[in-house]
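Asker: Dropping in coords-v5.cif, with mmCIF, C-alpha atoms.
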```
data_protein
loop_
_atom_site.label_atom_id
_atom_site.label_comp_id
_atom_site.auth_asym_id
_atom_site.auth_seq_id
_atom_site.Cartn_x
_atom_site.Cartn_y
_atom_site.Cartn_z
CA MET X 1 0.00 0.00 0.00
CA ALA X 2 1.34 3.43 -0.98
CA ILE X 3 1.70 6.54 1.19
CA HIS X 4 -0.09 9.68 0.02
CA LYS X 5 2.10 12.57 -1.12
CA GLU X 6 0.31 14.91 1.31
CA GLY X 7 1.87 12.92 4.15
CA TYR X 8 5.51 13.07 3.07
CA LYS X 9 6.46 16.25 4.96
CA ILE X 10 4.42 15.36 8.05
CA LEU X 11 5.89 11.87 8.21
CA ALA X 12 9.45 13.14 7.74
CA GLY X 13 9.00 15.91 10.31
CA GLY X 14 7.25 13.57 12.72
CA PHE X 15 10.03 11.01 12.49
CA ILE X 16 12.72 13.61 13.23
CA ALA X 17 10.71 15.14 16.09
CA LEU X 18 10.02 11.77 17.72
CA LEU X 19 13.64 10.72 17.30
CA VAL X 20 14.88 13.90 19.00
CA LEU X 21 12.34 13.55 21.81
CA ASN X 22 13.36 9.95 22.42
CA VAL X 23 17.03 10.94 22.61
CA ILE X 24 16.17 13.69 25.10
CA THR X 25 14.02 11.38 27.24
CA ALA X 26 16.78 8.75 27.20
CA LEU X 27 19.16 11.34 28.64
CA ILE X 28 16.71 12.71 31.20
CA TRP X 29 15.40 9.28 32.26
CA SER X 30 18.70 7.44 32.00
CA ASP X 31 17.92 5.56 35.23
CA GLU X 32 14.21 5.05 34.47
CA ALA X 33 13.98 2.19 32.00
CA ILE X 34 10.19 1.88 32.29
CA LEU X 35 9.67 5.54 31.38
CA ARG X 36 12.13 5.37 28.47
CA TRP X 37 10.55 2.27 26.98
CA GLY X 38 7.06 3.59 27.64
CA PHE X 39 7.79 6.79 25.72
CA LEU X 40 9.38 4.80 22.89
CA PHE X 41 6.30 2.57 22.70
CA PHE X 42 4.03 5.62 22.56
CA SER X 43 6.21 7.15 19.82
CA VAL X 44 6.01 4.01 17.70
CA LEU X 45 2.22 3.86 18.09
CA LEU X 46 1.88 7.52 17.09
CA TYR X 47 4.05 7.07 14.02
CA VAL X 48 2.20 3.93 12.97
CA PHE X 49 -1.06 5.91 13.22
CA LEU X 50 0.40 8.62 10.95
CA LEU X 51 1.42 5.98 8.41
CA PHE X 52 -2.06 4.48 8.64
CA PHE X 53 -3.74 7.87 8.20
CA PHE X 54 -1.79 8.74 5.05
CA ARG X 55 -2.24 5.36 3.41
CA LEU X 56 -3.28 5.35 -0.24
CA PRO X 57 -4.82 2.01 -1.25
CA ALA X 58 -5.33 1.23 -4.92
CA ARG X 59 -8.96 2.03 -5.82
CA ASN X 60 -9.44 1.51 -9.55
CA LEU X 61 -12.88 1.48 -11.16
CA GLN X 62 -14.47 1.41 -14.60
CA PRO X 63 -16.26 4.77 -15.07
CA ASP X 64 -20.04 4.48 -15.47
CA PRO X 65 -22.04 7.62 -16.38
CA GLY X 66 -25.18 6.24 -14.72
CA LEU X 67 -23.59 5.74 -11.29
CA ILE X 68 -22.42 8.09 -8.55
CA TYR X 69 -19.66 6.64 -6.38
CA ALA X 70 -18.78 7.67 -2.86
CA PRO X 71 -16.17 10.47 -2.95
CA ALA X 72 -14.72 9.45 0.43
CA ASP X 73 -14.42 6.65 2.95
CA GLY X 74 -16.65 7.03 6.00
CA LYS X 75 -20.20 6.94 7.29
CA VAL X 76 -23.26 8.41 5.55
CA VAL X 77 -24.60 10.92 8.10
CA VAL X 78 -27.01 12.98 5.98
CA ILE X 79 -29.50 12.07 3.24
CA GLU X 80 -31.97 14.90 2.78
CA GLU X 81 -33.33 17.59 0.51
CA THR X 82 -31.81 20.94 1.38
CA VAL X 83 -31.30 24.41 -0.07
CA GLU X 84 -27.76 24.79 -1.46
CA ASN X 85 -26.98 28.51 -1.19
CA GLU X 86 -23.50 28.83 -2.67
CA TYR X 87 -23.83 27.70 -6.29
CA PHE X 88 -27.24 26.28 -7.19
CA LYS X 89 -29.28 28.51 -4.86
CA ASP X 90 -32.12 26.03 -4.98
CA THR X 91 -33.16 22.72 -3.42
CA ARG X 92 -30.88 19.72 -3.95
CA LEU X 93 -30.49 16.21 -2.60
CA GLN X 94 -27.61 16.21 -0.13
CA ILE X 95 -25.61 13.11 0.82
CA SER X 96 -22.91 13.67 3.44
CA ILE X 97 -20.09 11.32 4.41
CA PHE X 98 -18.27 11.78 7.72
CA MET X 99 -14.63 10.69 7.79
CA SER X 100 -13.11 9.77 11.14
CA PRO X 101 -9.32 10.02 11.68
CA PHE X 102 -9.18 6.27 11.00
CA ASN X 103 -10.61 6.49 7.47
CA MET X 104 -8.60 6.81 4.28
CA HIS X 105 -8.69 10.56 3.54
CA SER X 106 -8.11 10.77 -0.20
CA ASN X 107 -11.20 12.25 -1.90
CA ARG X 108 -12.30 11.07 -5.35
CA TYR X 109 -14.54 12.37 -8.13
CA PRO X 110 -17.93 10.66 -7.87
CA VAL X 111 -18.66 11.34 -11.57
CA SER X 112 -16.80 12.13 -14.79
CA GLY X 113 -17.16 15.46 -16.57
CA ARG X 114 -15.85 19.03 -16.71
CA VAL X 115 -15.09 21.15 -13.65
CA LYS X 116 -17.30 24.25 -13.88
CA TYR X 117 -16.66 25.82 -10.49
CA VAL X 118 -13.99 25.69 -7.78
CA CYS X 119 -14.09 27.89 -4.69
CA TYR X 120 -12.25 27.73 -1.36
CA HIS X 121 -13.80 29.34 1.73
CA PRO X 122 -11.97 29.97 5.00
CA GLY X 123 -14.18 29.44 8.03
CA ASN X 124 -14.78 27.89 11.43
CA TYR X 125 -13.84 24.45 12.75
CA MET X 126 -17.06 23.11 14.23
CA VAL X 127 -17.43 19.34 14.49
CA ALA X 128 -17.93 17.98 10.96
CA TRP X 129 -21.33 16.41 11.71
CA HIS X 130 -22.81 19.75 12.81
CA PRO X 131 -25.64 20.75 10.40
CA LYS X 132 -24.11 24.21 9.86
CA SER X 133 -20.58 22.94 9.16
CA SER X 134 -21.42 22.75 5.44
CA GLU X 135 -21.94 26.53 5.39
CA LEU X 136 -19.73 27.90 8.18
CA ASN X 137 -16.61 25.70 8.34
CA GLU X 138 -13.52 25.94 6.21
CA ARG X 139 -14.54 24.27 2.96
CA SER X 140 -13.88 23.85 -0.73
CA SER X 141 -16.67 23.46 -3.30
CA ILE X 142 -16.25 21.82 -6.70
CA VAL X 143 -18.96 21.53 -9.36
CA VAL X 144 -18.63 18.91 -12.09
CA GLU X 145 -20.86 18.93 -15.16
CA THR X 146 -21.39 15.45 -16.56
CA GLU X 147 -21.61 14.61 -20.26
CA SER X 148 -25.39 14.47 -19.92
CA GLY X 149 -25.44 18.05 -18.57
CA GLU X 150 -26.14 17.27 -14.91
CA GLU X 151 -24.24 19.37 -12.39
CA ILE X 152 -22.91 17.68 -9.23
CA LEU X 153 -21.44 19.70 -6.36
CA ILE X 154 -18.83 18.10 -4.11
CA ARG X 155 -17.90 19.99 -0.96
CA GLN X 156 -14.87 19.20 1.21
CA ILE X 157 -15.44 20.38 4.78
CA ALA X 158 -12.91 20.74 7.59
CA GLY X 159 -13.91 19.57 11.06
CA ALA X 160 -12.86 20.28 14.63
CA VAL X 161 -9.57 18.43 14.11
CA ALA X 162 -8.97 18.88 10.37
CA ARG X 163 -7.07 22.09 9.62
CA ARG X 164 -5.98 21.59 6.05
CA ILE X 165 -8.08 21.05 2.95
CA VAL X 166 -6.23 20.23 -0.27
CA THR X 167 -8.13 20.50 -3.58
CA TYR X 168 -6.62 19.50 -6.92
CA ALA X 169 -9.58 20.55 -9.10
CA LYS X 170 -9.04 23.34 -11.64
CA GLN X 171 -11.60 25.36 -13.59
CA ASP X 172 -12.51 23.75 -16.96
CA GLN X 173 -10.48 20.63 -16.15
CA LYS X 174 -11.72 17.35 -17.61
CA VAL X 175 -11.99 14.78 -14.83
CA THR X 176 -12.69 11.07 -14.72
CA GLN X 177 -14.82 9.26 -12.18
CA GLY X 178 -12.54 7.79 -9.53
CA GLU X 179 -9.63 10.19 -10.02
CA GLU X 180 -8.29 11.98 -6.97
CA LEU X 181 -10.08 15.24 -6.19
CA GLY X 182 -8.14 16.22 -3.08
CA PHE X 183 -7.28 15.37 0.50
CA ILE X 184 -8.46 16.48 3.96
CA LYS X 185 -6.16 16.01 6.92
CA PHE X 186 -7.27 14.48 10.23
CA GLY X 187 -11.03 13.97 10.25
CA SER X 188 -13.63 15.79 8.21
CA ARG X 189 -16.65 15.47 5.91
CA VAL X 190 -17.60 15.47 2.23
CA ASP X 191 -21.02 16.59 0.98
CA VAL X 192 -22.45 15.73 -2.43
CA PHE X 193 -25.36 17.79 -3.82
CA LEU X 194 -27.40 15.98 -6.47
CA PRO X 195 -30.43 16.85 -8.62
CA LEU X 196 -33.80 16.18 -7.01
CA GLY X 197 -35.15 12.81 -8.02
CA THR X 198 -31.73 11.13 -7.99
CA GLU X 199 -32.09 7.50 -6.89
CA VAL X 200 -30.20 6.99 -3.61
CA GLU X 201 -28.48 3.62 -3.23
CA VAL X 202 -27.30 3.82 0.41
CA PRO X 203 -29.17 4.07 3.74
CA ILE X 204 -28.34 6.53 6.49
CA LEU X 205 -25.38 5.46 8.69
CA GLN X 206 -24.08 3.14 5.97
CA LEU X 207 -20.28 2.75 5.86
CA VAL X 208 -18.97 3.50 2.38
CA LYS X 209 -15.65 3.49 0.54
CA ALA X 210 -14.44 5.85 -2.17
CA ASN X 211 -14.46 4.27 -5.66
CA LYS X 212 -16.11 1.14 -4.26
CA SER X 213 -19.52 2.13 -2.89
CA ILE X 214 -22.30 3.34 -5.20
CA ILE X 215 -24.26 6.04 -3.36
CA ALA X 216 -26.74 7.01 -6.09
CA LYS X 217 -27.86 6.52 -9.68
CA ILE X 218 -28.58 9.28 -12.16
#
```
Let me see the file written as structure tokens.

Answerer:
Amino acid sequence: MAIHKEGYKILAGGFIALLVLNVITALIWSDEAILRWGFLFFSVLLYVFLLFFFRLPARNLQPDPGLIYAPADGKVVVIEETVENEYFKDTRLQISIFMSPFNMHSNRYPVSGRVKYVCYHPGNYMVAWHPKSSELNERSSIVVETESGEEILIRQIAGAVARRIVTYAKQDQKVTQGEELGFIKFGSRVDVFLPLGTEVEVPILQLVKANKSIIAKI
């Protein structure tokens, strides 16, 4: 399994920091073997978690214009009709996926098409499952127009722990279903806004995986 490029600097810096801290604790606790080994054990666990967080499993799929795949790993926490005020300014079907720190955090395009809109918004850091996090938290919105003319909005949302949203989408870029859209670090949420009448394929609280789970059909 590969390591995501967004983790390279953090993993390198974390390794150096933990190494230095372990050298310091070895000097300070030279006569306290239990403390030294305890801190080393904690350091190894922390670094293994970082490796686990930045994992990048292979997730290939055959694009299908009639299907909408999950853009992220996590739990479906919202399936409802709601007014989307940023781009559509009308009522849409919203499906939201909450990603815990233990989920794979690479975000993928749920459909193929052309990127019509990309906008980053600074904001708050409320817990990602809060109803207002979609409008008030730090977030990045991407609209993809499919070949059939349907517009799908994908919104990356930072949570109480996540402090860094990375978006690779560019205006007018041609994208393929399953390609990497971006990355959110340390727990967050992804919303998908679909046309009314879209056939939902997942129940609330369902666990889904990016590029593997079908969440709706156009």

Asker: Measuring atom to atom with all atoms listed in the file, identify which of X:Ile79, X:Cys119, X:Leu153, X:Leu21 is nearest to Gln171 (chain X).

Answerer: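 Of all the options, X:Cys119 lies closest to Gln171 (chain X).
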
Asker: I need every residue sitting at most 8 Å from the point (-34.6, 9.3, 3.4) (coordinates as in the file, all atoms listed in the file considered), written as a list in words.

Answerer: Ile79, Glu80, Pro203 and Ile204 of chain X

Asker: Running the PyMOL selection byres ((chain X and resi 179-194) around 7) on this model by hand, what would come out? Give it as a ChimeraX atom specification.

Answerer: /X:72,92-101,105-109,128,152-159,161-169,176-178,195-196,198

Asker: So which residues are close to (-28.3, 5.5, 4.0), meaning at most 9 Å away in the file's coordinates with only C-alpha atoms counted, and can you show them as a PDB file with C-alpha atoms, in the coordinates of the input?

Answerer:
```
ATOM      1  CA  LYS X  75     -20.200   6.940   7.290  1.00  0.00           C
ATOM      2  CA  VAL X  76     -23.260   8.410   5.550  1.00  0.00           C
ATOM      3  CA  VAL X  77     -24.600  10.920   8.100  1.00  0.00           C
ATOM      4  CA  VAL X  78     -27.010  12.980   5.980  1.00  0.00           C
ATOM      5  CA  ILE X  79     -29.500  12.070   3.240  1.00  0.00           C
ATOM      6  CA  ILE X  95     -25.610  13.110   0.820  1.00  0.00           C
ATOM      7  CA  VAL X 200     -30.200   6.990  -3.610  1.00  0.00           C
ATOM      8  CA  GLU X 201     -28.480   3.620  -3.230  1.00  0.00           C
ATOM      9  CA  VAL X 202     -27.300   3.820   0.410  1.00  0.00           C
ATOM     10  CA  PRO X 203     -29.170   4.070   3.740  1.00  0.00           C
ATOM     11  CA  ILE X 204     -28.340   6.530   6.490  1.00  0.00           C
ATOM     12  CA  LEU X 205     -25.380   5.460   8.690  1.00  0.00           C
ATOM     13  CA  GLN X 206     -24.080   3.140   5.970  1.00  0.00           C
ATOM     14  CA  LEU X 207     -20.280   2.750   5.860  1.00  0.00           C
ATOM     15  CA  ILE X 215     -24.260   6.040  -3.360  1.00  0.00           C
TER      16      ILE X 215
END
```

Asker: Quick one, how far is CA of Asp172 (chain X) from CA of Lys5 (chain X)?

Answerer: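 Taking CA of Asp172 (chain X) as the start and CA of Lys5 (chain X) as the end point, the length is 24.3 Å.
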
Asker: What separation in Å, quoted to one decimal, exists between CA of Leu18 (chain X) and CA of Leu51 (chain X)?

Answerer: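 So the answer is 13.9 Å.
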
Asker: Name the residues that the PyMOL selection byres ((chain X and resi 84) around 10) pulls out of this structure, and write them as a list in words.

Answerer: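 Matching residues under the PyMOL selection byres ((chain X and resi 84) around 10) are Glu81, Thr82, Val83, Asn85, Glu86, Tyr87, Phe88, Lys89, Asp90, Thr91, Arg92, Leu93, Gln94, Ser134, Glu135, Leu153 and Phe193 of chain X.
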
Asker: Using only C-alpha atoms, can you tell me which of X:Ala210, X:Val144, X:Val175, X:Met104 comes closest to Arg55 (chain X)?

Answerer: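 Going through X:Ala210, X:Val144, X:Val175, X:Met104 one by one, the smallest distance to Arg55 (chain X) is for X:Met104.
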
Asker: Quote the spacing between CA of Lys170 (chain X) and CA of Phe52 (chain X) in Å to one decimal place.

Answerer: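 CA of Phe52 (chain X) lies at a distance of 28.6 Å from CA of Lys170 (chain X).
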
Asker: Give me the box for region 191-210 of chain X as AutoDock Vina command-line options, namely the centre and edge lengths in Å to one decimal of a box along x, y and z that holds every listed atom plus 3 Å on each side.

Answerer:
```
--center_x -24.8 --center_y 10.3 --center_z 0.0 --size_x 26.7 --size_y 21.0 --size_z 23.3
```

Asker: Just want the 12 Å neighbourhood of Gly66 (chain X), counted on all atoms listed in the file, with same-chain residues fewer than 5 positions away dropped. Output as an NGL selection string.

Answerer: :X and (110-112 or 146-148 or 150 or 177 or 198-199 or 214-218)

Asker: Counting all atoms listed in the file, figure out which residue out of X:Leu61, X:Leu50, X:Ile34, X:Leu27 gets nearest to Ala12 (chain X).

Answerer: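 When distances to Ala12 (chain X) are compared using all atoms listed in the file, the smallest one comes from X:Leu50.
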
Asker: Identify, on the basis of all atoms listed in the file, every residue whose closest approach to His121 (chain X) does not exceed 8 Å; exclude the query and any residue fewer than 2 positions from it along the same chain; express the result as a list in words.

Answerer: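 Here the qualifying residues turn out to be Cys119, Gly123, Glu138, Arg139 and Ser140 of chain X.
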
Asker: Under the rule that only C-alpha atoms are counted, which of X:Ala33, X:Phe54, X:Val48, X:Ser213 is the nearest residue to Tyr8 (chain X)?

Answerer: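 Looking at the shortest contact to Tyr8 (chain X), the residue is X:Phe54.
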
Asker: Pick from X:Asn137, X:Asn60, X:Asn22, X:Ser30: nearest to Asn211 (chain X), with all atoms listed in the file counted?

Answerer: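 The shortest atom-to-atom distance to Asn211 (chain X) comes from X:Asn60.
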